[in-house]
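**Q** Pasting entry-v4.pdb below, which is PDB, C-alpha atoms, pLDDT in the B column.
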ATOM      1  CA  MET A   1       2.977  11.856  13.942  1.00 59.00           C
ATOM      2  CA  GLU A   2       5.241   8.850  13.632  1.00 60.00           C
ATOM      3  CA  VAL A   3       8.336   8.346  11.501  1.00 63.00           C
ATOM      4  CA  GLU A   4       7.934   5.414   9.093  1.00 55.00           C
ATOM      5  CA  GLY A   5       9.470   3.683   6.139  1.00 53.00           C
ATOM      6  CA  ILE A   6      12.572   2.863   4.189  1.00 59.00           C
ATOM      7  CA  THR A   7      12.639   6.480   3.050  1.00 67.00           C
ATOM      8  CA  GLN A   8      11.840   8.060   6.391  1.00 81.00           C
ATOM      9  CA  TYR A   9       8.576   9.999   6.349  1.00 85.00           C
ATOM     10  CA  ARG A  10       6.128  11.419   8.858  1.00 90.00           C
ATOM     11  CA  LEU A  11       2.857   9.533   8.965  1.00 91.00           C
ATOM     12  CA  ASP A  12      -0.432  10.871  10.292  1.00 93.00           C
ATOM     13  CA  TYR A  13      -2.550   7.692  10.271  1.00 93.00           C
ATOM     14  CA  ARG A  14      -6.270   7.715  11.035  1.00 92.00           C
ATOM     15  CA  PRO A  15      -7.957   4.283  11.062  1.00 93.00           C
ATOM     16  CA  GLY A  16     -11.255   4.130   9.218  1.00 88.00           C
ATOM     17  CA  ALA A  17     -13.263   2.546   6.453  1.00 86.00           C
ATOM     18  CA  LEU A  18     -12.034   2.292   2.893  1.00 80.00           C
ATOM     19  CA  PRO A  19     -13.796   4.858   0.657  1.00 75.00           C
ATOM     20  CA  ALA A  20     -16.257   3.316  -1.804  1.00 72.00           C
ATOM     21  CA  PHE A  21     -14.604   4.972  -4.826  1.00 64.00           C
ATOM     22  CA  VAL A  22     -11.430   2.900  -4.372  1.00 64.00           C
ATOM     23  CA  GLY A  23     -12.992   0.097  -6.451  1.00 70.00           C
ATOM     24  CA  GLN A  24     -12.119  -3.111  -4.655  1.00 75.00           C
ATOM     25  CA  ALA A  25     -12.986  -5.412  -7.580  1.00 83.00           C
ATOM     26  CA  ARG A  26     -10.485  -3.589  -9.802  1.00 83.00           C
ATOM     27  CA  TRP A  27      -7.836  -3.797  -7.077  1.00 82.00           C
ATOM     28  CA  ARG A  28      -8.368  -7.522  -6.660  1.00 85.00           C
ATOM     29  CA  HIS A  29      -7.958  -8.017 -10.416  1.00 88.00           C
ATOM     30  CA  ARG A  30      -4.704  -6.007 -10.482  1.00 88.00           C
ATOM     31  CA  PHE A  31      -3.403  -7.822  -7.420  1.00 87.00           C
ATOM     32  CA  LYS A  32      -4.017 -11.230  -9.017  1.00 89.00           C
ATOM     33  CA  PHE A  33      -2.415 -10.064 -12.269  1.00 92.00           C
ATOM     34  CA  CYS A  34       0.707  -8.896 -10.413  1.00 88.00           C
ATOM     35  CA  ARG A  35       0.862 -12.201  -8.502  1.00 88.00           C
ATOM     36  CA  LYS A  36       0.581 -14.168 -11.755  1.00 91.00           C
ATOM     37  CA  GLN A  37       3.420 -12.112 -13.288  1.00 91.00           C
ATOM     38  CA  VAL A  38       5.496 -12.658 -10.088  1.00 87.00           C
ATOM     39  CA  LEU A  39       5.740  -8.881  -9.581  1.00 87.00           C
ATOM     40  CA  ILE A  40       4.478  -9.365  -6.029  1.00 85.00           C
ATOM     41  CA  GLY A  41       4.393 -12.527  -3.973  1.00 84.00           C
ATOM     42  CA  GLN A  42       6.248 -14.704  -1.521  1.00 88.00           C
ATOM     43  CA  ASP A  43       9.043 -17.129  -2.356  1.00 86.00           C
ATOM     44  CA  PRO A  44      11.416 -18.925   0.049  1.00 86.00           C
ATOM     45  CA  ALA A  45      14.274 -18.167  -2.372  1.00 86.00           C
ATOM     46  CA  CYS A  46      13.602 -14.414  -2.408  1.00 83.00           C
ATOM     47  CA  CYS A  47      13.748 -11.776   0.320  1.00 82.00           C
ATOM     48  CA  GLY A  48      14.413 -14.310   3.055  1.00 86.00           C
ATOM     49  CA  GLY A  49      11.042 -15.922   2.392  1.00 85.00           C
ATOM     50  CA  TYR A  50       9.117 -12.780   3.378  1.00 84.00           C
ATOM     51  CA  PRO A  51       6.330 -11.436   1.161  1.00 81.00           C
ATOM     52  CA  TYR A  52       7.653  -8.831  -1.262  1.00 79.00           C
ATOM     53  CA  SER A  53       6.378  -5.765  -3.066  1.00 81.00           C
ATOM     54  CA  GLU A  54       3.308  -3.647  -2.728  1.00 84.00           C
ATOM     55  CA  ILE A  55       1.045  -2.052  -5.302  1.00 85.00           C
ATOM     56  CA  GLY A  56      -0.343   1.452  -5.439  1.00 86.00           C
ATOM     57  CA  ARG A  57      -2.551   3.582  -7.654  1.00 85.00           C
ATOM     58  CA  ARG A  58      -3.082   7.328  -7.982  1.00 86.00           C
ATOM     59  CA  VAL A  59      -6.655   8.394  -7.244  1.00 80.00           C
ATOM     60  CA  ASP A  60      -8.116  11.912  -6.977  1.00 81.00           C
ATOM     61  CA  GLY A  61      -4.860  13.740  -6.231  1.00 85.00           C
ATOM     62  CA  GLY A  62      -3.760  11.148  -3.673  1.00 89.00           C
ATOM     63  CA  PHE A  63      -3.155   7.444  -3.908  1.00 90.00           C
ATOM     64  CA  THR A  64      -4.185   4.083  -2.536  1.00 88.00           C
ATOM     65  CA  VAL A  65      -1.504   1.563  -1.614  1.00 87.00           C
ATOM     66  CA  THR A  66      -1.262  -1.864  -0.023  1.00 86.00           C
ATOM     67  CA  ARG A  67       0.431  -2.315   3.329  1.00 84.00           C
ATOM     68  CA  THR A  68       3.927  -3.699   3.780  1.00 82.00           C
ATOM     69  CA  GLN A  69       4.407  -7.387   2.915  1.00 80.00           C
ATOM     70  CA  SER A  70       0.893  -7.826   1.556  1.00 82.00           C
ATOM     71  CA  GLY A  71       2.138  -9.465  -1.667  1.00 82.00           C
ATOM     72  CA  GLY A  72       2.243 -12.923  -0.090  1.00 83.00           C
ATOM     73  CA  GLN A  73      -1.514 -13.222   0.244  1.00 83.00           C
ATOM     74  CA  PRO A  74      -3.321 -15.364  -2.341  1.00 83.00           C
ATOM     75  CA  ASP A  75      -6.053 -12.737  -2.744  1.00 84.00           C
ATOM     76  CA  LEU A  76      -6.388  -9.069  -1.898  1.00 83.00           C
ATOM     77  CA  LYS A  77      -8.527  -8.273   1.135  1.00 82.00           C
ATOM     78  CA  PRO A  78      -9.783  -4.716   1.805  1.00 81.00           C
ATOM     79  CA  ASP A  79      -8.041  -4.643   5.184  1.00 85.00           C
ATOM     80  CA  VAL A  80      -4.600  -4.377   3.490  1.00 86.00           C
ATOM     81  CA  LEU A  81      -5.405  -1.122   1.648  1.00 87.00           C
ATOM     82  CA  ALA A  82      -4.578   2.380   2.818  1.00 89.00           C
ATOM     83  CA  ARG A  83      -5.874   5.603   1.307  1.00 90.00           C
ATOM     84  CA  VAL A  84      -3.416   8.524   1.198  1.00 91.00           C
ATOM     85  CA  PRO A  85      -5.423  11.624   0.240  1.00 92.00           C
ATOM     86  CA  THR A  86      -2.662  14.080   1.164  1.00 92.00           C
ATOM     87  CA  PHE A  87       1.095  13.874   0.863  1.00 93.00           C
ATOM     88  CA  ASP A  88       4.028  16.254   0.827  1.00 94.00           C
ATOM     89  CA  THR A  89       7.030  14.969  -1.125  1.00 90.00           C
ATOM     90  CA  LEU A  90       9.253  17.889  -0.107  1.00 91.00           C
ATOM     91  CA  GLY A  91       8.367  17.571   3.581  1.00 90.00           C
ATOM     92  CA  TYR A  92       8.303  13.745   3.520  1.00 89.00           C
ATOM     93  CA  SER A  93       4.895  13.425   5.130  1.00 93.00           C
ATOM     94  CA  LEU A  94       1.681  11.501   4.486  1.00 92.00           C
ATOM     95  CA  LEU A  95      -1.857  11.676   5.818  1.00 93.00           C
ATOM     96  CA  ALA A  96      -3.339   8.183   5.561  1.00 92.00           C
ATOM     97  CA  GLY A  97      -6.560   6.474   6.496  1.00 89.00           C
ATOM     98  CA  ALA A  98      -8.625   3.342   5.844  1.00 88.00           C
ATOM     99  CA  PRO A  99      -8.265  -0.108   7.397  1.00 89.00           C
ATOM    100  CA  SER A 100      -4.478  -0.392   7.023  1.00 89.00           C
ATOM    101  CA  ARG A 101      -1.362   1.682   7.483  1.00 89.00           C
ATOM    102  CA  PRO A 102       0.379   2.391   4.168  1.00 88.00           C
ATOM    103  CA  SER A 103       3.418   0.479   2.973  1.00 84.00           C
ATOM    104  CA  LEU A 104       6.791   1.394   4.428  1.00 80.00           C
ATOM    105  CA  LYS A 105       7.686   2.362   0.854  1.00 81.00           C
ATOM    106  CA  ALA A 106       4.617   4.588   0.461  1.00 84.00           C
ATOM    107  CA  MET A 107       6.652   7.694  -0.410  1.00 85.00           C
ATOM    108  CA  ALA A 108       7.728   5.921  -3.603  1.00 82.00           C
ATOM    109  CA  HIS A 109       4.067   6.012  -4.672  1.00 79.00           C
ATOM    110  CA  ALA A 110       3.684   9.748  -3.926  1.00 77.00           C
TER     111      ALA A 110
END
Would you put the structure from the file into structure tokens?

**A**
Amino acid sequence: MEVEGITQYRLDYRPGALPAFVGQARWRHRFKFCRKQVLIGQDPACCGGYPYSEIGRRVDGGFTVTRTQSGGQPDLKPDVLARVPTFDTLGYSLLAGAPSRPSLKAMAHA
């Protein structure tokens, strides 16, 4: 296990495919909505010009979240999503899988 994130947590990451139930079309819609509302994005005047914010959603007792600094992309690609089926908020640990590692702020979504 590795230690990750702003709020330090233990991460057990297992690369793999994104589960079909995640609903990529719905994610893309939400991502575009958040970009339009400037809730996520990339702006030279903000955060040193780095992409900011991630989005997450609770699903089946776990959650799905975008990776760190994914807000600067014009569209959401499946390779920026991570599925976290198991987490322990008291022990600060996550089990994650799918194409991407979860956001450094993933514990905030737990």

**Q** Rounded to one decimal, what separation in Å do you get between atom CA of A:Gly61 and atom CA of A:Asp75?

**A**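 Pair atom CA of A:Gly61 / atom CA of A:Asp75 returns 26.7 Å.
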
**Q** If the PyMOL selection byres ((chain A and resi 58) around 12) is run on the structure shown, which residues does it catch, given as a list of chain:residue names?

**A**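 Evaluating the PyMOL selection byres ((chain A and resi 58) around 12) on these coordinates yields A:Val22, A:Ile55, A:Gly56, A:Arg57, A:Val59, A:Asp60, A:Gly61, A:Gly62, A:Phe63, A:Thr64, A:Val65, A:Ala82, A:Arg83, A:Val84, A:Pro85, A:Thr86, A:Phe87, A:Ala106, A:Ala108, A:His109, A:Ala110.
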
**Q** Run through the PyMOL selection byres ((chain A and resi 73) around 10) on the given coordinates and return the selected residues as an MDAnalysis selection string.

**A** chainID A and resid 31:32 35 40:42 51 69:72 74:77 80

**Q** For the structure shown, which residues end up in the PyMOL selection byres ((chain A and resi 100) around 10)? Put them as a PyMOL selection string, please?

**A** chain A and resi 13-18+65-68+78-83+96-99+101-103

**Q** Please return as a PDB file with C-alpha atoms, in the coordinates of the input every residue within 12 Å of (7.0, 17.4, -1.0), taking into account all atoms listed in the file and the file's own coordinates.

**A**
ATOM      1  CA  TYR A   9       8.576   9.999   6.349  1.00 85.00           C
ATOM      2  CA  ARG A  10       6.128  11.419   8.858  1.00 90.00           C
ATOM      3  CA  THR A  86      -2.662  14.080   1.164  1.00 92.00           C
ATOM      4  CA  PHE A  87       1.095  13.874   0.863  1.00 93.00           C
ATOM      5  CA  ASP A  88       4.028  16.254   0.827  1.00 94.00           C
ATOM      6  CA  THR A  89       7.030  14.969  -1.125  1.00 90.00           C
ATOM      7  CA  LEU A  90       9.253  17.889  -0.107  1.00 91.00           C
ATOM      8  CA  GLY A  91       8.367  17.571   3.581  1.00 90.00           C
ATOM      9  CA  TYR A  92       8.303  13.745   3.520  1.00 89.00           C
ATOM     10  CA  SER A  93       4.895  13.425   5.130  1.00 93.00           C
ATOM     11  CA  LEU A  94       1.681  11.501   4.486  1.00 92.00           C
ATOM     12  CA  MET A 107       6.652   7.694  -0.410  1.00 85.00           C
ATOM     13  CA  ALA A 108       7.728   5.921  -3.603  1.00 82.00           C
ATOM     14  CA  ALA A 110       3.684   9.748  -3.926  1.00 77.00           C
TER      15      ALA A 110
END
